[in-house]
Each structure stands twice: as structure tokens, then as C-alpha cells.
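Asks: Supplied in C-alpha cells, the structure appears directly below.
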Amino acid sequence: MIEFKLPSLGADMDEGTLLEWRIAPGAAVRRGQVVAVVDTAKAAVDVECWQDGTVLDLLIQPGDKVPVGTPIATLLEEGETAETVQRPAHAAKPARPAAAPRSATSAAFAAPPTSRPRISPAARTRAAERGVDANRLSGTGPQGAVTLADVEAAARQAKPLDRHAAMRQAIAAAMSRSKREIPHYYLAETVPLGAALAWLAAHNAGLAPERRLLPGVLLLKAVALALRDYPQLNGFWQDGAFRPAAGIHLGVAVALRQGGLIAPALHDVADQPLTPLMEALGDLVQRARSGSLRSSELSDATLTVTQLGDQGVDGVFGVIYPPQVALVGVGRLAERPWVEGGKLCVMPTAQFSLAADHRASDGHYGARFLAEVRRLLQTPDSL
Amino acid sequence: MSRITYREALRQGLREALARDPRVFLMGEDVGRYGGTFAVSKGLLDEFGEQRIRDTPLSELGFVAAGVGAALGGMRPIVEVMTVNFSLLALDPLMNTAAALRHMSGGQFSVPLVVRMTTGAGRQLAAQHSHSLEGWFAHIPGLKILAPATLEDARGMLWPALQDPDLVLLFEQGALYNQEGELDESEVVDIRSARVRREGRDLTLIAYGGTLGKALAAAEQLAGEGVSAEVIDLRVLRPLDDATLMASVRKTRRALVVDEGWRSGSLAAEIIARIVEQAFYDLDAPPARVCSAEVPMPYAKHLEDAALPQVPAIVAAAKGLLGLA
């Protein structure tokens, strides 16, 4: 029997609220199938299952909020039947989150914290009454204890499904962690894009507008190809060590109209030709803005690219999204005075920057990576 | 209203009791001709005569036991023991006899005796005259323990104590004798309840006798720092008025006990235990206490001051409960 657990849909996600089941007991599930829609602080996300099986029990109900790692459904493996498997105690009834059992079978349950958070008895009692998770509050009492007043303040602030505030909190948490933990170093390189844009103009000539490539996809492809040779920038810093990622999935920072941003992953960028990549990018941005991203897109970006050139800034020095170890920023694409072959000319350029985790790589390495990006963009045929 | 001292208020209470009930008499060391070691009974010998204001030999065991006998015989004696330290010589008649006799006689006998004694430090009287042992007596079932901290209680607690059918101990804090103020003649004094002496929101300071003034001073200082402290005067140390304590703690969610007794096994410990038993789920911080240092009371002024609960320590502990330290 397979226990399907709520996956982490991003480094800043501790828990999620089930919005909808897309499966029912008895249904067959294929690997990659969307089985549920879960609300994280950032978005409603389609959650995929990564195993084949038949749904046995759904363990939580829409509206339930559970920590990452909580079993939310059980699946029968091939050859099993409901009669032949021994259901864990919690499968017997749809468990409310507070009653979720901590049986030995659910080892992925978040390990109990080593020391109990300081929450005053009065605060604990009131938090239970008001439905506030006192464990997540920062306290103002002695030794940082959460007091009754802290709970009441939190209860007043907690507006139901305030997506905007929740996203601000999520961004605040991730960015604070980043600046707290990651020793950033920053490099910048002005990249001439005359050749690339000329190639793009030639490629787009005669194509219907929706078939045309945008410069952004070219830049993403160049970054991805460069990462093949600079794997120390592509991956995660976890448990005190760098873990290179198997694929090159670029997180594309997308500003949301209602405020905030999200950086879903564009998968396997280095391996895709430009045209399908352009389609995938358009689809991804559109779905990010409509709030229908898939779980894998939210969780597995290996390096983030942020392009703020539309806003007219010359350069951007980004904050790395943990546990990633690097972020590439691209500033405004504009014609600037340029010296080439000893002559002054007008050249379209953009400033590429690299913010990288000094634990995982060094400035020399990062500089060579940026130079490689620049080199690739001078030979757009190779993209 | 009239402006008088704590000592004069006690004397008024004695005079009124002696005048109201012919069964009442006062005895103790130097209470007559000398006017009382702390001058509480000064002038009463002339007013009421040797039969009712009786000087005794220096034998606490003897004259306290005589008081027990007189009470059993139908009188309403008031026995003065010079300091609580000396009362240890009279523990046998107090505990083994007076406190137990109603129980041991199956309700046939009671001991309507009032014993007054001085307690507490602050006057450089050193380690044999300065301790606060009222918490020990508050351990004993069958006793009623009073600790007047105000002029009204100093005058008004004696009469209801004399009406009580059993032994009542009345503890006068030595450092309060010269405290002067306006006596509110209209205040009704009981010997059952604790009183809120200052209302507040943020924490409850629980004090009695000699520590009440310090708690009020601390509350005043805290108010200047934006902390609203409620101050409770226990008044009756046994039986404790749990209802008043818990109502306050449930409101403020924080409790700080100020007790001149030694910390370990103290009255403060008992009060905190009750708060934890009865109001645990209303607390926002672990209850705290400021007690005397666990040493024999020093003679030297600076050491005595350092050994006693003082306003800065109370303020600091209060702020600690609020996470402001």
C-alpha cells in the first residue's frame, strides 16, 4: 500500500489546505496524474501523484489544513486489494487534521520539535478557541513566550484566505531565510545582443505574431546551456552541502497582477528547442497568473531567472530563492554606445547579473559562467 | 478622618475591645508599666488597671499557656508576644493545645484567644527579632492568621478576632508602627477576605503586612513605565481568600508574590501552588515571587536591606513577567 503524502510545493511551504480532490476511492491513478488541488500560501496548485495505483482511502477533506508530509490518501499497489492490505488506524475514518494520528507508519510526519515552543497556558487555551496556530506566532512574553495578547492580535489579523497577505508572508519568510543563511556574492556583465536580436528578427520574419520568439526565451536558453558547463550553480544547498540537480529547470520570476511574485519552473530548458520552449513559457506565465500551477512546477526550479528590464531598470541583483544556490538577473534591453573593433557604435545590450551562494561556488566560477552566457548569445544559431 | 500612626490605631483597637467586653484583658511582657516594648499599650494600664493590663514574667510558654487556660475558662484574653521569634517558645500551647483542642474534644471546647505578635525586619534588630514566621503558623489547621497592613486593619481586626471562637494570631509588622496616615473610620473590616488595594490590568502583585507598601510603591513606579499592576493585600494568611486571588490573576494573567518570609516552603510558595492549581490555563507567564534571602536576618543596615524584598527587585520581577526585562 502506498501512502500519498502532501508534498512540499516550495521551500517556504510548511502546510497546505486541500481545496479539491480530483480522485475518488476506487479510481485508478497514473504516475503524473493530478490528484488534488492544494492551496499553499502562494497559489492553488495541482498536486501530481508519482506512483501508479488505485485509490483506497482519502484521508483528509477539502478545507483541511495539514503539514507537509502528512499522509492524505492511500493507494493500492498492483496486486493489492482493499481486503489484503492492513489499513493503518487513520485510514479507518477521514481524519481531521488535529486528529491525524502519529503512527509509526507515517514516519514522514514532521518530527516533533526538540523543545516545545513557549506558549503560555492562557495563550494555548485561547489559541484553541480561536483556531489560531500558536506555534507559528512570535511571542512578546518572557523568553519570547507567546501570550494571550499575541494570540488575540494574530486572531484579529488572520483574515480568511487573504492570499495577498499570505503571499507577502511567504515571500518574507523565504527572502529572510535567504539573506540570513546565504552568503551572496554578486557579479554583473553587460552582454551585447546585436547578433542575437538580428537572428531573432530573421527568425520571426513572416511568422504569425503568436508563433514569434521573444528575446526572453533566448536568454533563458542561453542561461540553461551555460549551466550544463557550470553545474555548481544548478541545484540546492541542503543539510550543509551542495546537491547538484539532475535537470536544468529554470524558475521564471512572474510578477502577479494583484501583487507579489511567483517563480514556477520551466522544465528541461537546456534540452528543448526554442519554439516549444516559447510555448511552454507562455503557458507557464499564463497559468501562474491564473493560479493553476502544477506542484512540480512550484517545487523543483533549480535556478531562478528574473527579468526586470520591462520596468526600465538597467540591472537587478536578486535574492536567491532557497534552497537554490544562484539567481540570474537580466536588466533592460536597450541600445547603448558600444566599442567594437576600436570603433564606437550603437549596440543593443542588457546587463546580466549573477547572485550566487558563496558556500556552493566562488566568484571566479560565477564570472566564467556569465562569460559563457555572453559567449552563447553571440552565436544564436547554437541556441 | 484623623491622622494617626499604625501604633495608635492598634491601641485604639485595644482600648475599644477592653471597653466593650469586660472579659477582654491584655497580658504580656512589659505591656503594663513600660507601655509595651513597642509602646502599643502605652497608657492602657492607667486607664484599665492591673487586672486587665497584666505584666508577665519572661516566659512565653507560661503566659501563652495561661492565655489558653483563661480562654477555656470563659475569658477573652489578648496575649502579646514581643516578636514572632519568641513565639517559638510557646509553640506547644499554640499548636498542640489551642489549635487542636476543638478537634480533640469533639467540639466541646474552643479557645477564643487572640495572640498579637510583632513580625518582620527592617529595624536592625538582627537574627533573633526580625524574622517573618507567620508563614509557618499559616501551615497549621485550626488557626486564623491575620496580617494588618493598613491603619484600618490595625484598629479594626482585633474586635472580630476576639469574636472568633478559636485561636487567632495577629501579626504586626514592626516597621509599620510609625507609619502615619488618615484613618478611614467608615471602612468595614472583616477577617475573611483579601482586598484589592490598587486596580491594574497587566499583572497582580500579591503582598501582605510589611510588603504591601513596597508592592504599592513598585506598582506606582511600574505605572510610570506603562505597566498597570494590580495590588492585592492578603490580610488573612489563613484561610487564604482564593476567590479574590484567582479573580485578579484571571484578569491580569500574571502573578508576583512579595513575601518577607524565606523563599523555600514559604507562604509565597503556597500561594503560587494555588494559582497554578486553580488558574493554570489563565496564566501568561510562570508565577514569580520576591522573598527574603535565605539567611538569618543580618544586623548591618545595608545587609538587612539587601536581604529583604525591595521595590527595585519587585519592579524587575514584574517586568520579567511581562517580557520587558
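Lettering and numbering for the C-alpha cells are positional, with chains as A, B, ... in the shown order, residues counted from 1 in each chain, and ligands counted from 1 in the shown order.
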Please provide as a list in words all residues within 10 Å of Glu50 in chain B, with the sequence filter that same-chain residues fewer than 2 positions apart are discarded (counting only C-alpha atoms).
Replies: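 Near Glu50 in chain B, the qualifying residues are Phe25, Leu26, Met27, Gly32, Arg33, Leu44, Leu45, Asp46, Glu47, Phe48, Arg52, Ile53, Arg54 and Asp55 of chain B.
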Asks: Would you save the residues of that selection, restricted to C-alpha atoms, as a PDB file, in the first residue's frame?
Replies:
```pdb
ATOM      1  CA  PHE B  25      -7.767  41.561  79.080  1.00  0.00           C
ATOM      2  CA  LEU B  26      -4.209  42.074  77.783  1.00  0.00           C
ATOM      3  CA  MET B  27      -1.145  40.309  79.070  1.00  0.00           C
ATOM      4  CA  GLY B  32       1.751  47.415  81.586  1.00  0.00           C
ATOM      5  CA  ARG B  33       4.173  49.682  83.360  1.00  0.00           C
ATOM      6  CA  LEU B  44      -3.762  51.436  78.996  1.00  0.00           C
ATOM      7  CA  LEU B  45      -2.575  50.390  82.468  1.00  0.00           C
ATOM      8  CA  ASP B  46      -3.691  53.738  83.868  1.00  0.00           C
ATOM      9  CA  GLU B  47      -6.957  53.537  82.003  1.00  0.00           C
ATOM     10  CA  PHE B  48      -7.948  49.917  82.707  1.00  0.00           C
ATOM     11  CA  ARG B  52      -6.823  43.893  82.776  1.00  0.00           C
ATOM     12  CA  ILE B  53      -3.364  45.059  81.692  1.00  0.00           C
ATOM     13  CA  ARG B  54      -1.070  42.415  83.144  1.00  0.00           C
ATOM     14  CA  ASP B  55       2.716  42.311  83.035  1.00  0.00           C
TER      15      ASP B  55
END
```
Asks: Which chain A residues are at most 12 Å from chain B (counting only C-alpha atoms), as a list in words?
Replies: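 Listing them in order of chain and number gives Arg118, Ile119, Ser120, Pro121, Ala122, Ala123, Arg124, Thr125, Arg126, Ala127, Ala128, Gly139, Thr140, Gly141, Pro142, Gln143, Gly144, Ala145, Val146, Thr147, Leu148, Ala149, Asp150 and Val151 of chain A.
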Asks: Please, could you write that set of residues out with N, CA and C atoms as a CSV table (one decimal), in the first residue's frame?
Replies:
```csv
chain,number,residue,atom,x,y,z
A,118,ARG,N,7.5,28.0,23.5
A,118,ARG,CA,7.0,28.7,24.8
A,118,ARG,C,5.6,29.4,24.5
A,119,ILE,N,4.6,28.8,24.9
A,119,ILE,CA,3.2,29.3,24.7
A,119,ILE,C,2.6,29.3,26.1
A,120,SER,N,2.1,30.4,26.6
A,120,SER,CA,1.6,30.5,27.9
A,120,SER,C,0.3,29.6,27.9
A,121,PRO,N,0.0,29.1,29.1
A,121,PRO,CA,-1.3,28.3,29.2
A,121,PRO,C,-2.5,29.1,28.7
A,122,ALA,N,-2.5,30.4,29.1
A,122,ALA,CA,-3.7,31.2,28.7
A,122,ALA,C,-3.7,31.3,27.1
A,123,ALA,N,-2.5,31.5,26.6
A,123,ALA,CA,-2.4,31.7,25.1
A,123,ALA,C,-2.8,30.4,24.4
A,124,ARG,N,-2.4,29.3,25.0
A,124,ARG,CA,-2.7,28.0,24.4
A,124,ARG,C,-4.2,27.8,24.4
A,125,THR,N,-4.8,28.1,25.5
A,125,THR,CA,-6.3,27.9,25.6
A,125,THR,C,-7.0,28.8,24.6
A,126,ARG,N,-6.6,30.0,24.6
A,126,ARG,CA,-7.3,31.0,23.7
A,126,ARG,C,-7.0,30.6,22.2
A,127,ALA,N,-5.8,30.2,21.9
A,127,ALA,CA,-5.5,29.8,20.5
A,127,ALA,C,-6.4,28.7,20.1
A,128,ALA,N,-6.6,27.7,21.0
A,128,ALA,CA,-7.5,26.6,20.6
A,128,ALA,C,-8.9,27.1,20.3
A,139,GLY,N,6.4,35.4,20.1
A,139,GLY,CA,5.8,35.8,21.3
A,139,GLY,C,6.5,37.1,21.8
A,140,THR,N,5.7,37.8,22.7
A,140,THR,CA,6.3,39.0,23.3
A,140,THR,C,6.4,38.9,24.8
A,141,GLY,N,6.1,37.7,25.3
A,141,GLY,CA,6.2,37.4,26.7
A,141,GLY,C,7.7,37.1,27.2
A,142,PRO,N,7.8,36.7,28.5
A,142,PRO,CA,9.1,36.4,28.9
A,142,PRO,C,9.8,35.3,28.1
A,143,GLN,N,11.0,35.4,27.8
A,143,GLN,CA,11.7,34.5,27.0
A,143,GLN,C,11.0,34.2,25.6
A,144,GLY,N,10.4,35.2,25.1
A,144,GLY,CA,9.7,35.1,23.8
A,144,GLY,C,8.5,34.2,23.8
A,145,ALA,N,7.9,34.0,25.0
A,145,ALA,CA,6.7,33.2,25.1
A,145,ALA,C,5.6,33.9,24.4
A,146,VAL,N,4.8,33.1,23.8
A,146,VAL,CA,3.5,33.6,23.1
A,146,VAL,C,2.5,33.8,24.2
A,147,THR,N,2.0,35.0,24.3
A,147,THR,CA,1.0,35.3,25.3
A,147,THR,C,-0.4,35.4,24.7
A,148,LEU,N,-1.4,35.5,25.6
A,148,LEU,CA,-2.8,35.6,25.2
A,148,LEU,C,-2.9,36.8,24.3
A,149,ALA,N,-2.3,37.9,24.6
A,149,ALA,CA,-2.4,39.1,23.7
A,149,ALA,C,-1.8,38.8,22.3
A,150,ASP,N,-0.8,38.0,22.3
A,150,ASP,CA,-0.2,37.7,20.9
A,150,ASP,C,-1.2,36.9,20.1
A,151,VAL,N,-1.9,36.0,20.8
A,151,VAL,CA,-2.9,35.1,20.1
A,151,VAL,C,-4.0,36.0,19.6
```
Asks: Of the candidates B:Asn96, B:Ser228, B:Gln51, B:Thr211, which shows the shortest atom-to-atom distance to Gly120 in chain B, using only C-alpha atoms?
Replies: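 Checking each of B:Asn96, B:Ser228, B:Gln51, B:Thr211 against Gly120 in chain B, counting only C-alpha atoms, the winner is B:Thr211.
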Asks: Just to confirm, what's the straight-line distance from CA of Glu78 in chain A to CA of Val34 in chain A in Å (one decimal)?
Replies: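 Straight-line distance from CA of Glu78 in chain A to CA of Val34 in chain A works out to 19.4 Å.
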Asks: List the neighbours of range 299-305 of chain A out to 10 Å using only C-alpha atoms; skip same-chain residues closer than 5 positions along the sequence, and give me the result as a VMD selection string.
Replies: chain A and resid 7 to 13 219 to 220 223 to 224 227 233 to 236 244 to 254 263 to 268 294 318 to 330 353 to 354 356
Asks: Where does DSSP see helix (DSSP H, G or I) in range 47-296 of chain B, if you list the residues as number ranges by chain?
Replies: B: 47-48, 60-72, 86-98, 101-104, 126-128, 134-137, 151-156, 158-163, 174-176, 209-224, 242-252, 267-282
Asks: Can you tell me how far CA of Phe242 in chain A sits from CA of Asp362 in chain A, in Å to one decimal?
Replies: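 Separation of CA of Phe242 in chain A and CA of Asp362 in chain A: 12.9 Å.
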Asks: Taking only C-alpha atoms into account, name the residue in A:Leu6, A:Cys49, A:Leu308, A:Ala188 that is nearest to Gly69 in chain A.
Replies: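 Selected residue with least distance to Gly69 in chain A: A:Leu6.
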Asks: Do a neighbour search on Ile232 in chain B at 7 Å with only C-alpha atoms, toss out local chain neighbours closer than 6 positions, and write the hits as a PyMOL selection string.
Replies: chain B and resi 194-197+205-207
Asks: Got a sec: who's within 10 Å of Gly291 in chain A, counting only C-alpha atoms, leaving out chain neighbours fewer than 5 positions off, as an MDAnalysis selection string?
Replies: chainID A and resid 39 42:46 256 285:286
Asks: Which residues come within 8 Å of Val217 in chain A, counting only C-alpha atoms, excluding same-chain residues fewer than 4 positions away, as a ChimeraX atom specification?
Replies: /A:213,221,274,277-278,281
Asks: Write the residues of the selection above to a file with C-alpha atoms, as an mmCIF file, in the first residue's frame.
Replies:
```cif
data_model
loop_
_atom_site.group_PDB
_atom_site.id
_atom_site.type_symbol
_atom_site.label_atom_id
_atom_site.label_comp_id
_atom_site.auth_asym_id
_atom_site.auth_seq_id
_atom_site.Cartn_x
_atom_site.Cartn_y
_atom_site.Cartn_z
ATOM 1 C CA LEU A 213 10.012 34.079 -30.332
ATOM 2 C CA LYS A 221 18.047 29.064 -23.221
ATOM 3 C CA LEU A 274 13.297 27.299 -28.848
ATOM 4 C CA LEU A 277 10.203 26.331 -25.129
ATOM 5 C CA MET A 278 8.470 29.576 -26.116
ATOM 6 C CA LEU A 281 6.985 29.679 -21.278
#
```
Asks: Find the residue from B:Pro93, B:Gly261, B:Gly122, B:Gly13 that sits nearest to Pro160 in chain B; use only C-alpha atoms when measuring.
Replies: B:Gly13
Asks: Of the candidates B:Val31, B:Ala70, B:Ile272, B:Leu256, which one gets nearest to Asp202 in chain B if we count only C-alpha atoms?
Replies: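 Of B:Val31, B:Ala70, B:Ile272, B:Leu256, the one nearest Asp202 in chain B is B:Leu256, counting only C-alpha atoms.
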Asks: What does the distance between CA of Gln238 in chain A and CA of Ser296 in chain A come to in Å, to one decimal place?
Replies: 18.4 Å
Asks: Could you give me, as number ranges by chain, the residues within 12 Å of Thr81 in chain A, counting only C-alpha atoms and dropping anything in the same chain fewer than 3 positions from it?
Replies: A: 1, 26, 53-56, 74-78, 84-87
Asks: Among range 29-140 of chain B, which residues does DSSP mark as strand (DSSP E or B) when it is run on the backbone? Keep the chain and numbering as in the structure and answer as a ChimeraX atom specification.
Replies: /B:53-55,76-83,114-119
